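**Q** The structure under discussion is supplied below as structure tokens; questions concerning it will follow.
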Amino acid sequence: MTIYTPNTGTKKNLNTGTPGQAGTADTINAGGAKIAENFNQIYDALGDLRVTSSGATAGKQFIHPGGVYQYIDQDAILYPGGLYTVDTTDVIQQELLLTLPPIQDFSYTTYDGTYAVSGTRIVIQDATKSWSNVGIKIETSPGDTITGAIIDDEDSQGTQKIYVFVKDQEVTLIAHYDVESGNANWNVSIKNNNTFSVLPSETNIEIDDDQENIIELLDVRTFNSIKYLIYSEEIDSNGYVVRNGTSEVLLLSLPEQQVSGTPTEMSSTQYAGIVWDTNDSDYSELFEYEFLAYIDAASQKPVASLAITSNIIAPNTLNIVVKPITLV
């Protein structure tokens, strides 16, 4: 396997010469060499270099819009801006070492693509679900630091490291250089590749007294748990808010196979609630609710819904805002 090594040369500008003056432009050979060099840099940055070892397609590259996750299955140096799929399936040693590039202050005169500057992003992921077999060791260049570093006697001189052992992870590393202190640090963010990260939209409805409303929230299959902020307010006939309150509710998903055409109550925990009321003796719950899961007849999808019943007495009405906070 050939490890991805990008072409770090600068862009070659073609000299088209002065019109009417022979010999002032690049020769065909020199111009062609510059064009080839520029194309190589584009392919190195955005192309898939995995087909490199043997056969009719040896050395063949496939370019992808926005780049591609380069394949790594042995110790390697990570390059600024790189995207990597790290496969430890056939790794014999106890850990696979990935070395980060040095972080420096950006300079127009010295930047050559080999070092990281503030904002440089590197991503590694476990698309092969192999990381639980072998530890991934991510090591800095000498003098740099990394968030969450582990320090021990095995470290190379002046370096820091972190380990990732759990499979299905994606690790994002972002460089930061502090000009005043000279501190160069890699900030680290780790997420699970199976996490559904797109939050459903906020819902806002008005409910009359003694009326139950069903609010469809999201597909049961898109989350394990979700935390909602439910804000409620009682509005009088003049449009003024008389009472209001808020609560945080944690909803747990049901396995898809348990969801049928008949609504099934879902597990939820209300673990924080605040009610504002000018007169405690007038206090009563603004609404009652339960979460239900069922197969939607139209879409044939298992949906999670919120059934809300108003406790407000007419002519006042209940206004409800259901806002997702976090989703796992």
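Each chain in the structure tokens gets a letter, A, B, ..., in the order shown, and its residues are numbered from 1; ligands are numbered from 1 in order too.
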Counting only C-alpha atoms, what is within 12 Å of Gln93 in chain A, bar same-chain residues fewer than 6 positions away, as a list in words?

**A**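 Near Gln93 in chain A, the qualifying residues are Asp73, Gln74, Asp75, Asn133, Val134, Gly135, Ile136 and Lys137 of chain A.
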
**Q** Just want the 8 Å neighbourhood of Tyr84 in chain A, counted on only C-alpha atoms, with same-chain residues fewer than 6 positions away dropped. Output as a ChimeraX atom specification.

**A** /A:68-72,123-125

**Q** Would you output that residue set with C-alpha atoms, as a compact mmCIF listing (two decimals), in the first residue's frame?

**A**
```txt
# COMPACT_ATOMS: atom_id res chain seq x y z
CA VAL A 68 -11.77 12.03 -0.84
CA TYR A 69 -10.93 10.21 2.37
CA GLN A 70 -7.46 8.79 1.62
CA TYR A 71 -6.86 5.22 2.76
CA ILE A 72 -4.25 4.51 5.48
CA VAL A 123 -10.14 14.50 9.72
CA ILE A 124 -9.64 10.77 10.30
CA GLN A 125 -12.48 8.27 10.41
```

**Q** How close does range 44-133 of chain A get to range 6-25 of chain A? List, as JSON lines, each residue of range 44-133 of chain A within 10 Å, its nearest atom pair and the distance in Å to one decimal, counting only C-alpha atoms.

**A**
```
{"residue": "A:Asp44", "atom": "CA", "partner": "A:Pro6", "partner_atom": "CA", "distance": 5.1}
{"residue": "A:Ala45", "atom": "CA", "partner": "A:Pro6", "partner_atom": "CA", "distance": 6.6}
{"residue": "A:Leu46", "atom": "CA", "partner": "A:Pro6", "partner_atom": "CA", "distance": 9.9}
{"residue": "A:Leu49", "atom": "CA", "partner": "A:Pro6", "partner_atom": "CA", "distance": 9.8}
{"residue": "A:Tyr79", "atom": "CA", "partner": "A:Pro6", "partner_atom": "CA", "distance": 7.7}
{"residue": "A:Pro80", "atom": "CA", "partner": "A:Pro6", "partner_atom": "CA", "distance": 9.7}
{"residue": "A:Gly82", "atom": "CA", "partner": "A:Pro6", "partner_atom": "CA", "distance": 9.3}
{"residue": "A:Tyr111", "atom": "CA", "partner": "A:Thr10", "partner_atom": "CA", "distance": 9.4}
{"residue": "A:Asp112", "atom": "CA", "partner": "A:Thr8", "partner_atom": "CA", "distance": 6.5}
{"residue": "A:Gly113", "atom": "CA", "partner": "A:Thr8", "partner_atom": "CA", "distance": 5.6}
{"residue": "A:Thr114", "atom": "CA", "partner": "A:Thr8", "partner_atom": "CA", "distance": 6.6}
```

**Q** Go ahead and write the residues just picked, C-alpha atoms, as a PDB file, in the first residue's frame.

**A**
```pdb
ATOM      1  CA  ASP A  44      -3.178  14.967  -5.024  1.00  0.00           C
ATOM      2  CA  ALA A  45      -5.585  17.151  -3.050  1.00  0.00           C
ATOM      3  CA  LEU A  46      -8.900  15.865  -4.396  1.00  0.00           C
ATOM      4  CA  LEU A  49      -4.737   7.475  -4.570  1.00  0.00           C
ATOM      5  CA  TYR A  79      -0.879  16.417   5.871  1.00  0.00           C
ATOM      6  CA  PRO A  80      -2.631  19.774   6.328  1.00  0.00           C
ATOM      7  CA  GLY A  82      -6.180  15.839   4.752  1.00  0.00           C
ATOM      8  CA  TYR A 111       3.930  28.941   3.469  1.00  0.00           C
ATOM      9  CA  ASP A 112       4.515  25.879   1.303  1.00  0.00           C
ATOM     10  CA  GLY A 113       1.627  23.601   2.278  1.00  0.00           C
ATOM     11  CA  THR A 114       3.736  21.374   4.543  1.00  0.00           C
TER      12      THR A 114
END
```

**Q** Quick one: everything within 8 Å of Val242 in chain A, counting only C-alpha atoms, minus sequence neighbours fewer than 3 positions away in the same chain. Send it as a PyMOL selection string.

**A** chain A and resi 233-236+277

**Q** Could you write out, as a PyMOL selection string, all the residues of range 98-303 of chain A that DSSP marks as strand (DSSP E or B)?

**A** chain A and resi 98-99+103+116+121-125+135-139+145-146+150+161-164+169-177+184-192+203-207+212-219+225-235+241-252+264-265+268-276+287-295+302-303

**Q** Could you write out the selected residues, including C-alpha atoms, as a tab-separated table (two decimals), in the first residue's frame?

**A**
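Resulting contents of selection11.tsv:
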```tsv
chain	number	residue	atom	x	y	z
A	98	LEU	CA	-0.36	9.00	12.97
A	99	THR	CA	1.88	12.08	13.12
A	103	ILE	CA	1.79	24.27	13.45
A	116	ALA	CA	-0.48	23.74	9.55
A	121	ARG	CA	-8.43	20.96	9.58
A	122	ILE	CA	-7.53	17.27	9.47
A	123	VAL	CA	-10.14	14.50	9.72
A	124	ILE	CA	-9.64	10.77	10.30
A	125	GLN	CA	-12.48	8.27	10.41
A	135	GLY	CA	-5.38	1.76	19.21
A	136	ILE	CA	-4.95	4.86	17.07
A	137	LYS	CA	-2.15	7.05	18.43
A	138	ILE	CA	-2.18	10.64	17.16
A	139	GLU	CA	1.11	12.40	17.91
A	145	THR	CA	0.29	20.44	22.09
A	146	ILE	CA	-2.99	18.59	21.63
A	150	ILE	CA	-1.55	11.84	27.46
A	161	LYS	CA	-0.37	12.32	21.96
A	162	ILE	CA	-3.96	11.14	22.26
A	163	TYR	CA	-5.40	7.65	21.78
A	164	VAL	CA	-8.65	6.59	20.11
A	169	GLN	CA	-15.45	7.30	15.42
A	170	GLU	CA	-14.60	10.38	13.39
A	171	VAL	CA	-11.85	12.59	14.79
A	172	THR	CA	-11.53	16.21	13.67
A	173	LEU	CA	-8.34	18.09	14.52
A	174	ILE	CA	-8.17	21.86	14.07
A	175	ALA	CA	-4.90	23.78	14.47
A	176	HIS	CA	-4.62	26.98	16.49
A	177	TYR	CA	-1.58	29.20	16.71
A	184	ALA	CA	0.59	25.82	18.90
A	185	ASN	CA	-2.28	23.47	19.79
A	186	TRP	CA	-4.49	20.94	18.04
A	187	ASN	CA	-8.12	21.15	19.21
A	188	VAL	CA	-9.89	17.79	19.04
A	189	SER	CA	-13.50	16.87	18.38
A	190	ILE	CA	-14.63	13.23	18.37
A	191	LYS	CA	-18.07	12.04	17.28
A	192	ASN	CA	-19.69	8.73	16.47
A	203	THR	CA	-42.83	23.33	16.42
A	204	ASN	CA	-45.16	26.13	17.58
A	205	ILE	CA	-48.92	25.51	17.97
A	206	GLU	CA	-51.94	27.00	19.76
A	207	ILE	CA	-54.38	24.62	21.52
A	212	GLU	CA	-55.71	16.97	22.36
A	213	ASN	CA	-53.29	17.72	19.57
A	214	ILE	CA	-50.90	15.25	17.97
A	215	ILE	CA	-47.57	16.81	16.92
A	216	GLU	CA	-45.48	14.60	14.65
A	217	LEU	CA	-41.84	15.04	15.64
A	218	LEU	CA	-39.47	12.75	13.72
A	219	ASP	CA	-38.77	9.27	12.37
A	225	SER	CA	-32.57	9.69	22.51
A	226	ILE	CA	-33.55	13.31	22.13
A	227	LYS	CA	-33.97	16.17	24.58
A	228	TYR	CA	-36.79	18.65	24.01
A	229	LEU	CA	-37.44	22.03	25.54
A	230	ILE	CA	-41.21	22.47	25.86
A	231	TYR	CA	-42.29	26.06	26.47
A	232	SER	CA	-45.95	26.73	27.33
A	233	GLU	CA	-47.94	29.91	27.95
A	234	GLU	CA	-51.56	30.69	28.75
A	235	ILE	CA	-52.92	33.55	26.64
A	241	VAL	CA	-49.63	35.98	28.60
A	242	VAL	CA	-51.13	35.16	32.03
A	243	ARG	CA	-48.94	32.21	32.97
A	244	ASN	CA	-46.02	30.48	31.36
A	245	GLY	CA	-43.61	27.66	32.05
A	246	THR	CA	-40.89	25.53	30.55
A	247	SER	CA	-39.63	21.99	30.97
A	248	GLU	CA	-36.90	19.78	29.56
A	249	VAL	CA	-37.90	16.28	28.54
A	250	LEU	CA	-35.68	13.37	27.53
A	251	LEU	CA	-37.33	11.00	25.03
A	252	LEU	CA	-35.99	7.48	24.38
A	264	THR	CA	-47.37	2.86	21.59
A	265	GLU	CA	-46.33	5.05	24.52
A	268	SER	CA	-39.63	9.86	28.57
A	269	THR	CA	-38.26	11.66	31.62
A	270	GLN	CA	-39.01	15.24	32.60
A	271	TYR	CA	-35.96	16.22	34.56
A	272	ALA	CA	-36.24	19.99	34.73
A	273	GLY	CA	-39.25	22.28	34.87
A	274	ILE	CA	-39.98	25.89	35.76
A	275	VAL	CA	-43.42	27.49	36.10
A	276	TRP	CA	-43.96	31.23	36.51
A	287	PHE	CA	-51.04	20.84	29.91
A	288	GLU	CA	-50.68	17.08	29.94
A	289	TYR	CA	-48.62	15.17	27.43
A	290	GLU	CA	-47.34	11.79	26.32
A	291	PHE	CA	-45.03	10.64	23.55
A	292	LEU	CA	-46.42	8.07	21.10
A	293	ALA	CA	-44.82	5.96	18.37
A	294	TYR	CA	-46.75	4.42	15.48
A	295	ILE	CA	-46.49	3.59	11.79
A	302	PRO	CA	-42.34	4.67	12.32
A	303	VAL	CA	-42.86	8.18	13.66
```

**Q** So which bits of range 4-247 of chain A end up alpha helix (DSSP H) when you DSSP the backbone, as a list in words?

**A**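 After running DSSP on the backbone, range 4-247 of chain A has alpha helix (DSSP H) at Ile28, Asn29, Ala30, Gly31, Gly32, Ala33, Lys34, Ile35, Ala36, Glu37, Asn38, Phe39, Asn40, Gln41, Ile42, Tyr43, Asp44, Ala45 and Leu46 of chain A.
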